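A.B. asks: The following file, work_0.txt, comprises compact mmCIF, C-alpha atoms and all ligand atoms:
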# COMPACT_ATOMS: atom_id res chain seq x y z
CA MET A 1 283.52 71.68 26.43
CA THR A 2 283.92 71.81 22.68
CA LYS A 3 281.20 70.02 20.75
CA ILE A 4 282.11 68.01 17.67
CA GLU A 5 279.50 67.84 14.92
CA LEU A 6 278.17 64.60 13.51
CA PRO A 7 277.14 64.39 9.85
CA LEU A 8 273.41 65.06 10.35
CA GLU A 9 272.00 68.38 11.44
CA ARG A 10 269.02 66.96 13.29
CA LEU A 11 271.29 64.67 15.28
CA ASN A 12 273.46 67.59 16.33
CA GLU A 13 270.40 69.55 17.43
CA ALA A 14 269.33 66.61 19.58
CA LEU A 15 272.80 66.47 21.13
CA ASP A 16 273.08 70.20 21.79
CA GLY A 17 275.59 70.77 19.03
CA GLY A 18 277.23 67.35 18.74
CA VAL A 19 279.38 65.02 20.83
CA GLU A 20 281.92 66.22 23.36
CA ASP A 21 285.55 66.34 22.46
CA GLY A 22 287.49 63.43 23.97
CA SER A 23 284.36 61.31 24.41
CA ASN A 24 283.66 57.81 23.17
CA VAL A 25 280.66 57.05 21.05
CA LEU A 26 279.08 53.71 20.31
CA PHE A 27 277.14 53.26 17.09
CA LEU A 28 275.09 50.12 17.46
CA ALA A 29 273.95 49.09 13.99
CA ASP A 30 271.05 46.82 13.08
CA LEU A 31 271.77 44.44 10.23
CA ALA A 32 269.74 46.58 7.81
CA VAL A 33 272.30 49.37 8.19
CA ASP A 34 275.65 49.07 6.45
CA LYS A 35 277.81 50.23 9.34
CA SER A 36 281.04 50.42 7.34
CA LYS A 37 279.35 52.69 4.84
CA PHE A 38 278.09 54.72 7.77
CA ALA A 39 281.61 54.94 9.20
CA SER A 40 283.07 56.04 5.86
CA SER A 41 280.46 58.73 5.56
CA LEU A 42 281.28 59.95 9.07
CA VAL A 43 284.99 59.97 8.28
CA ASN A 44 284.53 61.89 5.03
CA PHE A 45 282.46 64.43 6.88
CA ARG A 46 285.03 64.84 9.66
CA MET A 47 287.86 65.12 7.12
CA GLU A 48 286.01 67.96 5.46
CA GLU A 49 286.01 69.57 8.90
CA GLU A 50 289.83 69.19 8.83
CA ASP A 51 290.09 66.39 11.37
CA ASN A 52 292.93 63.93 11.49
CA VAL A 53 291.55 60.43 11.20
CA VAL A 54 292.79 57.10 12.49
CA TYR A 55 290.69 54.20 11.23
CA LEU A 56 291.11 50.77 12.73
CA ILE A 57 289.59 48.09 10.57
CA ASN A 58 289.45 44.47 11.64
CA ASN A 59 286.71 42.90 9.56
CA LYS A 60 287.89 43.40 5.99
CA MET A 61 290.95 44.37 3.97
CA PRO A 62 291.84 48.08 4.39
CA GLN A 63 291.49 48.75 0.66
CA TYR A 64 287.73 48.51 0.96
CA VAL A 65 287.72 51.36 3.42
CA GLN A 66 290.38 53.38 1.66
CA GLU A 67 288.35 53.27 -1.55
CA ARG A 68 285.39 54.92 0.17
CA ILE A 69 287.36 57.68 1.82
CA GLY A 70 287.86 60.81 -0.25
CA ASP A 71 291.60 61.36 -0.09
CA THR A 72 293.48 58.66 1.76
CA ASP A 73 296.89 59.82 0.52
CA LYS A 74 296.62 62.88 2.71
CA ASP A 75 298.81 62.74 5.77
CA ASN A 76 295.79 63.40 7.98
CA PHE A 77 294.38 59.93 7.34
CA ALA A 78 295.85 56.69 8.66
CA THR A 79 294.55 53.14 8.60
CA ILE A 80 295.31 50.46 11.16
CA ASP A 81 295.04 47.08 9.55
CA GLY A 82 293.74 44.52 11.99
CA PHE A 83 292.80 41.98 9.37
CA SER A 84 295.50 41.04 6.87
CA SER A 85 297.76 39.29 9.43
CA THR A 86 295.00 36.78 9.93
CA LEU A 87 294.96 36.10 6.17
CA GLY A 88 298.75 36.25 5.91
CA LYS A 89 298.55 39.10 3.38
CA GLU A 90 300.50 42.27 2.74
CA THR A 91 298.90 45.53 3.82
CA THR A 92 298.35 48.94 2.28
CA ALA A 93 297.82 50.45 5.74
CA GLU A 94 300.13 52.71 7.73
CA TYR A 95 299.81 50.56 10.84
CA LYS A 96 299.32 46.87 11.25
CA ILE A 97 298.27 44.54 14.05
CA GLU A 98 300.54 41.50 13.88
CA THR A 99 298.55 39.17 16.11
CA ASP A 100 296.32 36.73 14.32
CA LEU A 101 292.65 37.43 14.98
CA LYS A 102 292.02 33.71 15.31
CA ALA A 103 294.75 33.33 17.98
CA GLU A 104 294.21 34.41 21.57
CA ARG A 105 291.60 37.16 21.39
CA SER A 106 292.92 38.94 24.47
CA ASP A 107 296.37 39.29 22.87
CA TYR A 108 294.74 40.61 19.75
CA ILE A 109 292.76 43.18 21.73
CA GLN A 110 295.85 44.20 23.69
CA GLU A 111 297.86 44.83 20.55
CA SER A 112 294.97 46.69 18.93
CA LYS A 113 294.97 49.06 21.85
CA GLU A 114 298.71 49.68 21.75
CA VAL A 115 298.70 50.37 18.04
CA ALA A 116 295.64 52.62 18.30
CA ILE A 117 297.31 54.71 20.98
CA GLU A 118 300.51 54.92 18.97
CA ALA A 119 298.61 56.08 15.88
CA MET A 120 296.61 58.66 17.82
CA GLU A 121 299.75 60.09 19.36
CA ASP A 122 301.46 60.20 15.96
CA MET A 123 298.77 62.53 14.62
CA GLU A 124 300.33 65.85 15.43
CA ASP A 125 297.99 68.71 14.77
CA PHE A 126 295.40 67.57 17.27
CA GLY A 127 291.66 67.51 16.69
CA SER A 128 291.09 63.99 15.62
CA THR A 129 288.70 61.20 14.89
CA PHE A 130 289.33 57.59 15.81
CA VAL A 131 287.12 54.92 14.31
CA LEU A 132 287.05 51.26 15.24
CA ASP A 133 285.09 49.09 12.87
CA SER A 134 284.17 46.71 14.30
CA LEU A 135 283.65 45.60 17.89
CA ASP A 136 282.78 42.07 16.69
CA ALA A 137 286.14 41.01 18.05
CA PHE A 138 285.01 42.03 21.55
CA ALA A 139 281.67 40.27 21.43
CA GLY A 140 280.86 38.88 24.85
CA LYS A 141 284.11 40.24 26.27
CA TRP A 142 282.60 43.38 27.64
CA ASP A 143 285.13 43.63 30.48
CA GLU A 144 287.94 43.74 27.97
CA LEU A 145 286.02 46.30 25.97
CA ARG A 146 285.65 48.39 29.10
CA ASP A 147 289.41 48.23 29.73
CA PHE A 148 290.12 49.02 26.10
CA THR A 149 287.97 52.14 26.05
CA GLN A 150 289.20 53.29 29.46
CA ASP A 151 292.85 52.95 28.48
CA ILE A 152 292.28 54.82 25.24
CA LYS A 153 290.24 57.59 26.81
CA PRO A 154 293.08 59.60 28.42
CA VAL A 155 294.94 59.57 25.11
CA ALA A 156 291.78 60.70 23.34
CA GLU A 157 291.31 63.51 25.82
CA SER A 158 294.89 64.71 25.56
CA THR A 159 294.81 64.65 21.74
CA ASN A 160 291.25 66.02 21.40
CA THR A 161 290.08 62.88 19.70
CA VAL A 162 286.54 61.58 19.58
CA CYS A 163 286.51 57.76 19.47
CA TYR A 164 283.73 56.13 17.47
CA TYR A 165 283.12 52.42 17.90
CA LEU A 166 280.87 50.41 15.61
CA LEU A 167 279.10 47.30 16.75
CA PRO A 168 276.62 45.22 14.78
CA ASN A 169 273.46 44.44 16.69
CA LEU A 170 274.16 40.81 17.50
CA GLY A 171 270.57 40.18 18.50
CA PHE A 172 270.64 42.30 21.65
CA GLU A 173 267.30 42.81 23.36
CA ASP A 174 266.21 46.44 23.35
CA ASP A 175 266.43 46.73 27.12
CA GLY A 176 268.52 43.65 27.73
CA GLU A 177 271.53 43.24 29.97
CA GLU A 178 274.07 43.59 27.21
CA ILE A 179 272.78 46.91 25.99
CA GLU A 180 272.80 48.13 29.56
CA GLU A 181 276.43 47.15 29.99
CA LEU A 182 277.34 48.84 26.74
CA THR A 183 275.46 51.93 27.82
CA GLU A 184 277.63 52.14 30.93
CA ILE A 185 280.86 51.80 28.99
CA PHE A 186 280.25 54.59 26.47
CA ASP A 187 279.57 58.32 26.80
CA TYR A 188 277.13 58.18 23.87
CA VAL A 189 275.13 55.26 22.54
CA ILE A 190 273.51 55.83 19.18
CA HIS A 191 271.38 53.06 17.74
CA LEU A 192 271.13 52.82 13.95
CA LYS A 193 267.91 50.96 13.42
CA GLY A 194 266.22 49.46 10.41
CA ILE A 195 262.63 48.35 10.08
CA GLU A 196 260.79 46.91 7.17
CA ARG A 197 257.36 47.59 5.75
CA GLY A 198 256.13 46.02 2.53
CA GLY A 199 259.67 44.94 1.69
CA ILE A 200 261.10 48.43 2.03
CA VAL A 201 263.55 49.32 4.80
CA LEU A 202 263.35 52.53 6.77
CA LYS A 203 266.53 53.38 8.65
CA PHE A 204 266.41 55.66 11.62
CA ILE A 205 268.59 56.85 14.46
CA GLU A 206 267.60 56.48 18.06
CA ILE A 207 269.74 58.07 20.73
CA ARG A 208 269.97 55.80 23.78
CA LYS A 209 272.49 57.84 25.72
CA PRO A 210 272.05 60.64 26.64
CA ASP A 211 268.37 59.97 27.20
CA VAL A 212 266.73 62.10 24.49
CA GLU A 213 263.53 61.37 22.64
CA THR A 214 264.71 62.28 19.16
CA LYS A 215 264.41 59.78 16.34
CA VAL A 216 265.69 60.68 12.90
CA PRO A 217 265.03 58.75 9.68
CA PHE A 218 268.19 58.73 7.62
CA ASP A 219 270.09 57.56 4.60
CA ILE A 220 273.82 57.37 4.08
CA THR A 221 275.48 59.41 1.35
CA PRO A 222 279.23 59.48 0.69
CA ARG A 223 279.49 62.95 2.24
CA GLY A 224 277.26 62.61 5.23
CA LEU A 225 273.77 61.68 6.21
CA VAL A 226 270.42 63.03 5.08
CA MET A 227 266.95 62.78 6.58
CA TYR A 228 265.32 60.13 4.47
CA VAL A 229 262.04 58.29 4.22
CA PRO A 230 261.96 55.84 1.34
CA LYS A 231 258.30 56.10 0.35
CA MET A 232 255.65 58.69 1.03
CA LEU A 233 252.21 58.83 -0.46
CA VAL A 234 250.51 61.94 -1.81
CA THR A 235 246.78 61.47 -2.06
CA GLY A 236 243.59 63.50 -1.77
CA PRO A 237 240.42 64.47 -3.63
CA TYR A 238 240.21 65.02 -7.36
CA ASP A 239 241.99 68.11 -8.73
CA ALA A 240 243.36 69.21 -5.32
CA GLY A 241 246.90 69.74 -6.59
CA LYS A 242 248.48 66.37 -5.81
CA SER A 243 250.50 66.15 -9.02
CA THR A 244 251.65 69.75 -8.59
CA THR A 245 252.72 68.99 -5.02
CA VAL A 246 254.75 65.95 -6.11
CA GLN A 247 256.34 67.90 -8.93
CA ASN A 248 257.27 70.95 -6.91
CA MET A 249 258.43 69.10 -3.83
CA SER A 250 260.80 67.03 -5.99
CA GLU A 251 263.80 67.79 -8.11
CA GLU A 252 262.80 65.09 -10.56
CA ALA A 253 259.25 64.03 -11.20
CA VAL A 254 257.13 62.12 -13.68
CA SER A 255 253.35 62.34 -13.89
CA VAL A 256 251.18 60.25 -16.11
CA ASP A 257 248.27 62.54 -16.95
CA ARG A 258 245.61 62.59 -19.62
CA LEU A 259 243.72 65.83 -20.27
CA GLY A 260 245.13 67.28 -17.04
CA THR A 261 244.04 64.50 -14.74
CA THR A 262 246.30 61.78 -13.42
CA VAL A 263 245.52 58.35 -14.84
CA ALA A 264 248.44 56.37 -13.45
CA LEU A 265 250.87 57.60 -10.83
CA ASP A 266 252.96 60.58 -10.02
CA HIS A 267 256.47 59.86 -8.93
CA GLY A 268 259.05 62.27 -7.65
CA SER A 269 262.38 62.09 -5.86
CA VAL A 270 263.49 64.74 -3.43
CA ASN A 271 267.11 65.29 -2.51
CA LYS A 272 267.82 68.73 -1.17
CA LYS A 273 268.78 70.63 1.96
CA GLY A 274 269.51 67.42 3.84
CA LEU A 275 266.09 65.95 2.96
CA LYS A 276 265.60 62.91 0.78
CA ALA A 277 262.41 61.05 -0.09
CA GLU A 278 260.52 59.21 -2.77
CA LEU A 279 257.02 60.52 -3.39
CA PHE A 280 254.17 58.61 -4.97
CA GLY A 281 251.03 60.46 -6.00
CA THR A 282 247.72 58.74 -6.64
CA PRO A 283 245.06 59.73 -9.14
CA GLY A 284 242.25 61.66 -7.47
CA GLN A 285 239.30 60.15 -9.26
CA LYS A 286 237.39 57.48 -7.38
CA ARG A 287 237.80 54.86 -10.05
CA PHE A 288 241.49 54.75 -9.15
CA ASP A 289 241.04 53.78 -5.50
CA TRP A 290 242.81 50.48 -6.19
CA ALA A 291 246.03 52.48 -6.54
CA LEU A 292 245.71 53.72 -2.99
CA ASP A 293 245.03 50.22 -1.66
CA PHE A 294 247.96 48.83 -3.48
CA LEU A 295 250.42 51.59 -2.58
CA GLY A 296 249.45 52.10 1.05
CA LYS A 297 251.07 48.89 2.25
CA SER A 298 254.59 49.87 1.28
CA MET A 299 254.41 53.54 2.35
CA PHE A 300 255.70 55.11 5.55
CA GLY A 301 253.62 58.27 5.61
CA CYS A 302 251.04 60.19 3.64
CA PHE A 303 250.01 63.69 2.62
CA ILE A 304 246.34 64.35 2.03
CA VAL A 305 246.27 67.30 -0.34
CA VAL A 306 243.01 69.27 -0.36
CA ASP A 307 241.82 72.31 -2.26
CA ALA A 308 241.41 74.74 0.65
CA ARG A 309 238.61 76.53 -1.22
CA ASP A 310 236.54 73.35 -1.12
CA PRO A 311 238.20 70.65 0.99
CA ASN A 312 235.79 67.78 0.27
CA TYR A 313 235.58 66.64 3.90
CA GLU A 314 233.72 63.50 2.99
CA ARG A 315 236.63 62.22 0.92
CA VAL A 316 239.09 63.28 3.64
CA GLU A 317 237.16 61.29 6.24
CA GLN A 318 237.21 58.22 4.06
CA LEU A 319 240.97 58.57 3.52
CA GLU A 320 241.46 59.07 7.24
CA ARG A 321 239.74 55.73 7.90
CA ASP A 322 241.81 53.90 5.28
CA LEU A 323 245.12 55.40 6.40
CA THR A 324 244.41 54.75 10.05
CA ALA A 325 243.64 51.13 9.22
CA GLU A 326 247.04 50.88 7.51
CA GLU A 327 248.62 52.59 10.57
CA LEU A 328 250.08 55.21 8.29
CA PRO A 329 250.95 58.63 9.75
CA PHE A 330 249.43 61.47 7.71
CA ILE A 331 248.88 65.22 7.61
CA ILE A 332 246.65 67.42 5.49
CA LEU A 333 248.15 69.96 3.11
CA ALA A 334 245.67 72.79 2.58
CA ASN A 335 246.55 73.82 -0.97
CA PHE A 336 245.72 77.00 -2.89
CA GLN A 337 246.72 79.25 0.02
CA ASN A 338 247.48 81.86 -2.67
CA LYS A 339 243.75 82.20 -3.37
CA ASP A 340 241.63 84.69 -1.41
CA ASP A 341 238.78 82.28 -0.79
CA ALA A 342 241.01 79.52 0.64
CA LEU A 343 240.23 78.30 4.15
CA SER A 344 243.15 78.62 6.53
CA PRO A 345 244.98 75.49 7.72
CA GLU A 346 243.64 76.22 11.23
CA GLU A 347 240.04 76.16 9.99
CA ILE A 348 240.56 72.84 8.23
CA GLU A 349 242.36 71.36 11.22
CA GLU A 350 239.47 72.47 13.44
CA GLU A 351 236.94 70.79 11.18
CA THR A 352 238.82 67.51 10.57
CA GLY A 353 240.85 67.07 13.75
CA ILE A 354 243.84 66.26 11.54
CA GLU A 355 247.08 68.24 11.66
CA THR A 356 247.05 70.62 8.71
CA LEU A 357 249.69 72.78 7.04
CA GLY A 358 248.98 75.44 4.43
CA ILE A 359 250.75 75.25 1.06
CA ASP A 360 250.73 76.86 -2.33
CA ALA A 361 251.85 73.89 -4.40
CA LYS A 362 252.12 75.82 -7.64
CA ASN A 363 254.59 78.33 -6.23
CA GLY A 364 256.32 75.84 -3.97
CA GLU A 365 255.32 77.59 -0.75
CA ASN A 366 255.87 75.62 2.47
CA LEU A 367 256.62 72.34 0.69
CA ASP A 368 260.01 71.62 2.30
CA GLU A 369 258.57 72.38 5.73
CA SER A 370 255.69 70.00 5.04
CA LEU A 371 258.07 67.23 4.09
CA GLU A 372 260.12 67.71 7.22
CA ARG A 373 257.00 67.81 9.36
CA LEU A 374 255.69 64.53 7.93
CA MET A 375 259.09 62.91 8.54
CA ASP A 376 258.88 63.98 12.18
CA LYS A 377 255.35 62.71 12.44
CA ILE A 378 256.44 59.34 11.07
CA MET A 379 259.05 59.15 13.81
CA GLU A 380 256.51 60.14 16.48
CA GLN A 381 254.00 57.48 15.43
CA HIS A 382 256.24 54.53 14.98
CA ASN A 383 253.89 51.93 16.44
CA TRP A 384 254.32 49.60 13.48
CA TYR A 385 258.12 49.57 13.70
CA TYR A 386 258.19 46.71 16.12
CA ALA A 387 255.21 44.81 14.76
N1 LIG A 401 246.97 78.86 -8.30
C1 LIG A 401 247.26 77.62 -7.92
N2 LIG A 401 247.03 76.62 -8.78
C2 LIG A 401 247.34 75.37 -8.40
C3 LIG A 401 247.87 75.10 -7.13
N3 LIG A 401 248.05 73.76 -7.02
C4 LIG A 401 247.64 73.21 -8.19
N4 LIG A 401 247.20 74.16 -9.03
C5 LIG A 401 246.61 73.96 -10.39
O1 LIG A 401 245.45 73.17 -10.23
C6 LIG A 401 245.29 72.24 -11.31
C7 LIG A 401 245.16 70.83 -10.79
O2 LIG A 401 246.38 70.45 -10.18
P1 LIG A 401 246.92 68.96 -10.21
O3 LIG A 401 248.21 68.99 -9.48
O4 LIG A 401 246.89 68.37 -11.56
O5 LIG A 401 245.82 68.25 -9.32
P2 LIG A 401 245.67 66.71 -8.98
O6 LIG A 401 245.21 66.62 -7.59
O7 LIG A 401 246.90 65.97 -9.33
O8 LIG A 401 244.49 66.29 -9.94
P3 LIG A 401 244.00 64.78 -10.32
O9 LIG A 401 245.21 63.96 -10.56
O10 LIG A 401 243.18 64.96 -11.55
O11 LIG A 401 243.17 64.33 -9.19
C8 LIG A 401 246.51 72.46 -12.20
O12 LIG A 401 246.11 73.32 -13.24
C9 LIG A 401 247.51 73.15 -11.29
O13 LIG A 401 248.39 73.98 -12.00
C10 LIG A 401 248.11 76.21 -6.22
O14 LIG A 401 248.56 76.08 -5.07
N5 LIG A 401 247.78 77.43 -6.69
MG MG A 402 247.17 64.41 -10.47
Is it possible to give me this structure as structure tokens?

C.D. replies:
Amino acid sequence: MTKIELPLERLNEALDGGVEDGSNVLFLADLAVDKSKFASSLVNFRMEEEDNVVYLINNKMPQYVQERIGDTDKDNFATIDGFSSTLGKETTAEYKIETDLKAERSDYIQESKEVAIEAMEDMEDFGSTFVLDSLDAFAGKWDELRDFTQDIKPVAESTNTVCYYLLPNLGFEDDGEEIEELTEIFDYVIHLKGIERGGIVLKFIEIRKPDVETKVPFDITPRGLVMYVPKMLVTGPYDAGKSTTVQNMSEEAVSVDRLGTTVALDHGSVNKKGLKAELFGTPGQKRFDWALDFLGKSMFGCFIVVDARDPNYERVEQLERDLTAEELPFIILANFQNKDDALSPEEIEEETGIETLGIDAKNGENLDESLERLMDKIMEQHNWYYA
């Protein structure tokens, strides 16, 4: 079986290379996730991989989708307009569903299916992507959805098309009956979740089918997805290298220092190699502990940077207590690994009982790996997601 890649490396790893050719995939999207933006990003990615794309849109005018897709004039992209008939408008799409969405829903679904099959068969050069945004029109009619997907499937298989269906989470219970029904209908069920902490939303992917443990925090870019955690804290004892860590982990950073010590905050944004994050560094001096209190509530994870030549275990213990109280996942970064008298990360981990990675912040050693590791840790310890 050929595997088709999705636009996020970590997701493909979890799925052993991607989704199977000819399969159908459900993306179930929480309200915090803009599913149309997600679909456009997926389409752009698949078009870069030279796929033919058929995009059925039934919840807005096709222009809105066409604007987001790189090159819609190409003959490997076709839109099916399932919306403008309902408004009595002209269409810019290649295909159109004539039935009014407000009329008999079953007729509408039937015609959608016929037009989708026609469009898929029209795409010569096989190796295609079919997107249906959105399954709102099927809500509660899961039998009709089952028929729809089953009738489309043989066409998808014979034209090497993967069919992606997007459905907003209409208040389904996590293990409720409806999700179970949906899980039976589709080959893959991928849940795009959003949770909020201190007013900030973290989006992450949970794979429901097949049954794999992986969770990936993500953000949507026009060209694909990146691993993304909106806010991470960088804290630790005085002079441990926190500002240097923020600066060298990021592409863009600002530190407010006076005489070499931080007096306000460090801020940096990372966006590289499929990783994206916002970093906030605290001042190390004790008189700035208010900054930690204030910031902790809106963060999703934390680095404790220590000087591995003199880790200041007392301060680490105090931070451990505070971070645990905030239910914030954290790891220690044992800085100054370039110095001979630095303790190894293993030694510090042994002493503190906290997972520790070695870094050399000044020379940027091991910083990307640390970021990725904290992102994973955040996904492993997601107890506050459902609070
Ligand atoms: N050789 C070496 N020097 C480093 C490393 N990390 C930081 N430094 C230096 O150590 C000094 C302190 O680093 P900062 O990043 O300002 O430390 P900080 O934790 O932000 O300090 P405060 O904000 O005052 O608490 C700076 O002169 C850095 O250039 C490292 O890994 N190796
Ligand atoms: Mg600093």

A.B. asks: I'd like a table as a Markdown table: residues in chain A with an atom no more than 10 Å from ligand LIG 401 (chain A), each row giving the shortest atom pair and its distance in Å to one decimal, only C-alpha atoms and all ligand atoms counted, sorted by chain and rising residue number.

C.D. replies:
| residue | atom | partner | partner_atom | distance |
| --- | --- | --- | --- | --- |
| A:Val234 | CA | A:LIG401 | O6 | 9.1 |
| A:Thr235 | CA | A:LIG401 | O6 | 7.7 |
| A:Gly236 | CA | A:LIG401 | O6 | 6.8 |
| A:Pro237 | CA | A:LIG401 | O11 | 6.2 |
| A:Tyr238 | CA | A:LIG401 | O11 | 3.5 |
| A:Asp239 | CA | A:LIG401 | O8 | 3.3 |
| A:Ala240 | CA | A:LIG401 | O6 | 3.9 |
| A:Gly241 | CA | A:LIG401 | O3 | 3.3 |
| A:Lys242 | CA | A:LIG401 | O6 | 3.7 |
| A:Ser243 | CA | A:LIG401 | O7 | 3.6 |
| A:Thr244 | CA | A:LIG401 | O3 | 3.6 |
| A:Thr245 | CA | A:LIG401 | O3 | 6.3 |
| A:Val246 | CA | A:LIG401 | O3 | 8.0 |
| A:Gln247 | CA | A:LIG401 | O3 | 8.2 |
| A:Asn248 | CA | A:LIG401 | O3 | 9.6 |
| A:Ser255 | CA | A:LIG401 | O7 | 8.7 |
| A:Val256 | CA | A:LIG401 | O9 | 9.0 |
| A:Asp257 | CA | A:LIG401 | O9 | 7.2 |
| A:Arg258 | CA | A:LIG401 | O10 | 8.8 |
| A:Leu259 | CA | A:LIG401 | O10 | 8.8 |
| A:Gly260 | CA | A:LIG401 | O4 | 5.9 |
| A:Thr261 | CA | A:LIG401 | O10 | 3.3 |
| A:Thr262 | CA | A:LIG401 | O9 | 3.8 |
| A:Val263 | CA | A:LIG401 | O9 | 7.1 |
| A:Ala264 | CA | A:LIG401 | O9 | 8.7 |
| A:Leu265 | CA | A:LIG401 | O9 | 8.5 |
| A:Asp266 | CA | A:LIG401 | O7 | 8.1 |
| A:Gly281 | CA | A:LIG401 | O7 | 7.6 |
| A:Thr282 | CA | A:LIG401 | O9 | 7.0 |
| A:Pro283 | CA | A:LIG401 | O9 | 4.5 |
| A:Gly284 | CA | A:LIG401 | O11 | 3.3 |
| A:Gln285 | CA | A:LIG401 | O11 | 5.7 |
| A:Lys286 | CA | A:LIG401 | O11 | 9.1 |
| A:Phe288 | CA | A:LIG401 | O11 | 9.7 |
| A:Ile304 | CA | A:LIG401 | O6 | 9.9 |
| A:Val305 | CA | A:LIG401 | O6 | 7.4 |
| A:Val306 | CA | A:LIG401 | O6 | 8.0 |
| A:Asp307 | CA | A:LIG401 | N3 | 8.0 |
| A:Ala308 | CA | A:LIG401 | O14 | 9.3 |
| A:Ala334 | CA | A:LIG401 | O14 | 8.8 |
| A:Asn335 | CA | A:LIG401 | O14 | 5.1 |
| A:Phe336 | CA | A:LIG401 | O14 | 3.7 |
| A:Gln337 | CA | A:LIG401 | O14 | 6.3 |
| A:Asn338 | CA | A:LIG401 | N5 | 6.0 |
| A:Lys339 | CA | A:LIG401 | N1 | 6.8 |
| A:Gly358 | CA | A:LIG401 | O14 | 9.5 |
| A:Ile359 | CA | A:LIG401 | O14 | 6.6 |
| A:Asp360 | CA | A:LIG401 | O14 | 3.6 |
| A:Ala361 | CA | A:LIG401 | O14 | 4.0 |
| A:Lys362 | CA | A:LIG401 | C10 | 4.3 |
| A:Asn363 | CA | A:LIG401 | O14 | 6.5 |
| A:Gly364 | CA | A:LIG401 | O14 | 7.8 |
| A:Glu365 | CA | A:LIG401 | O14 | 8.2 |

A.B. asks: Residues of region 267-324 of chain A that approach region 349-356 of chain A to 12 Å or less, counting all atoms listed in the file: could you list each one with the shortest pair of atoms and its distance in Å to one decimal, rows by chain and increasing residue number, as CSV?

C.D. replies:
residue,atom,partner,partner_atom,distance
A:Phe303,CA,A:Thr356,CA,9.7
A:Ile304,CA,A:Thr356,CA,9.2
A:Val305,CA,A:Thr356,CA,9.7
A:Val306,CA,A:Thr356,CA,10.0
A:Ala308,CA,A:Thr356,CA,10.7
A:Pro311,CA,A:Thr352,CA,10.1
A:Asn312,CA,A:Thr352,CA,10.7
A:Tyr313,CA,A:Thr352,CA,7.5
A:Glu314,CA,A:Thr352,CA,10.0
A:Arg315,CA,A:Thr352,CA,11.2
A:Val316,CA,A:Thr352,CA,8.1
A:Glu317,CA,A:Thr352,CA,7.8
A:Gln318,CA,A:Thr352,CA,11.5
A:Leu319,CA,A:Ile354,CA,11.5
A:Glu320,CA,A:Ile354,CA,8.7
A:Arg321,CA,A:Ile354,CA,11.9
A:Thr324,CA,A:Ile354,CA,11.6

A.B. asks: Produce a file of the selected residues containing C-alpha atoms, as a CSV table (one decimal), in the coordinates of the input.

C.D. replies:
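again.csv, written as the output of this step:
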chain,number,residue,atom,x,y,z
A,303,PHE,CA,250.0,63.7,2.6
A,304,ILE,CA,246.3,64.4,2.0
A,305,VAL,CA,246.3,67.3,-0.3
A,306,VAL,CA,243.0,69.3,-0.4
A,308,ALA,CA,241.4,74.7,0.6
A,311,PRO,CA,238.2,70.6,1.0
A,312,ASN,CA,235.8,67.8,0.3
A,313,TYR,CA,235.6,66.6,3.9
A,314,GLU,CA,233.7,63.5,3.0
A,315,ARG,CA,236.6,62.2,0.9
A,316,VAL,CA,239.1,63.3,3.6
A,317,GLU,CA,237.2,61.3,6.2
A,318,GLN,CA,237.2,58.2,4.1
A,319,LEU,CA,241.0,58.6,3.5
A,320,GLU,CA,241.5,59.1,7.2
A,321,ARG,CA,239.7,55.7,7.9
A,324,THR,CA,244.4,54.8,10.0

A.B. asks: Hey, can you check how far CA of Lys203 (chain A) sits from CA of Ser298 (chain A)?

C.D. replies: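 About the pair CA of Lys203 (chain A) and CA of Ser298 (chain A): they are 14.5 Å apart.
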
A.B. asks: Region 140-144 of chain A, all listed atoms, 5 Å padding on each side: what axis-aligned box centre and edge lengths in Å to one decimal come out, as AutoDock Vina command-line options?

C.D. replies:
--center_x 284.4 --center_y 41.3 --center_z 27.7 --size_x 17.1 --size_y 14.9 --size_z 15.6

A.B. asks: Under the rule that only C-alpha atoms and all ligand atoms are counted, which of A:Ile378, A:Cys302, A:Leu28, A:Val254 is the nearest residue to ligand MG 402 (chain A)?

C.D. replies: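 Of A:Ile378, A:Cys302, A:Leu28, A:Val254, the one nearest ligand MG 402 (chain A), counting only C-alpha atoms and all ligand atoms, is A:Val254.
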
A.B. asks: Restricting the calculation to only C-alpha atoms, which member of A:Glu196, A:Glu347, A:Glu278, A:Asp340 is positioned closest to Val33 (chain A)?

C.D. replies: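 Once distances to Val33 (chain A) are computed over only C-alpha atoms, the minimum belongs to A:Glu196.
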
A.B. asks: Grab the CA of Ala93 (chain A) to CA of Asp30 (chain A) distance for me, in Å with one decimal place.

C.D. replies: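 Straight-line distance from CA of Ala93 (chain A) to CA of Asp30 (chain A) works out to 28.0 Å.
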
A.B. asks: Rank nothing, just name the residue among A:Ile4, A:Met375, A:Leu101, A:Leu367 nearest to Gly88 (chain A), using only C-alpha atoms.

C.D. replies: A:Leu101

A.B. asks: Have a look at CA of Thr99 (chain A) and CA of Phe138 (chain A) and let me know their distance in Å, one decimal.

C.D. replies: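 CA of Phe138 (chain A) lies at a distance of 14.9 Å from CA of Thr99 (chain A).
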
A.B. asks: Would you list the residues near (263.7, 46.5, 13.5), meaning any protein, DNA or RNA residue with an atom at most 12 Å from that point in file coordinates, counting all atoms listed in the file, as a PyMOL selection string?

C.D. replies: chain A and resi 29-33+169+171-174+191-197+200-206+382-387

A.B. asks: Choose the residue, out of A:Phe280, A:Arg309, A:Ala39, A:Leu343, that has the smallest atom-to-atom separation from ligand MG 402 (chain A); count all atoms listed in the file.

C.D. replies: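 Of A:Phe280, A:Arg309, A:Ala39, A:Leu343, the one nearest ligand MG 402 (chain A), counting all atoms listed in the file, is A:Phe280.
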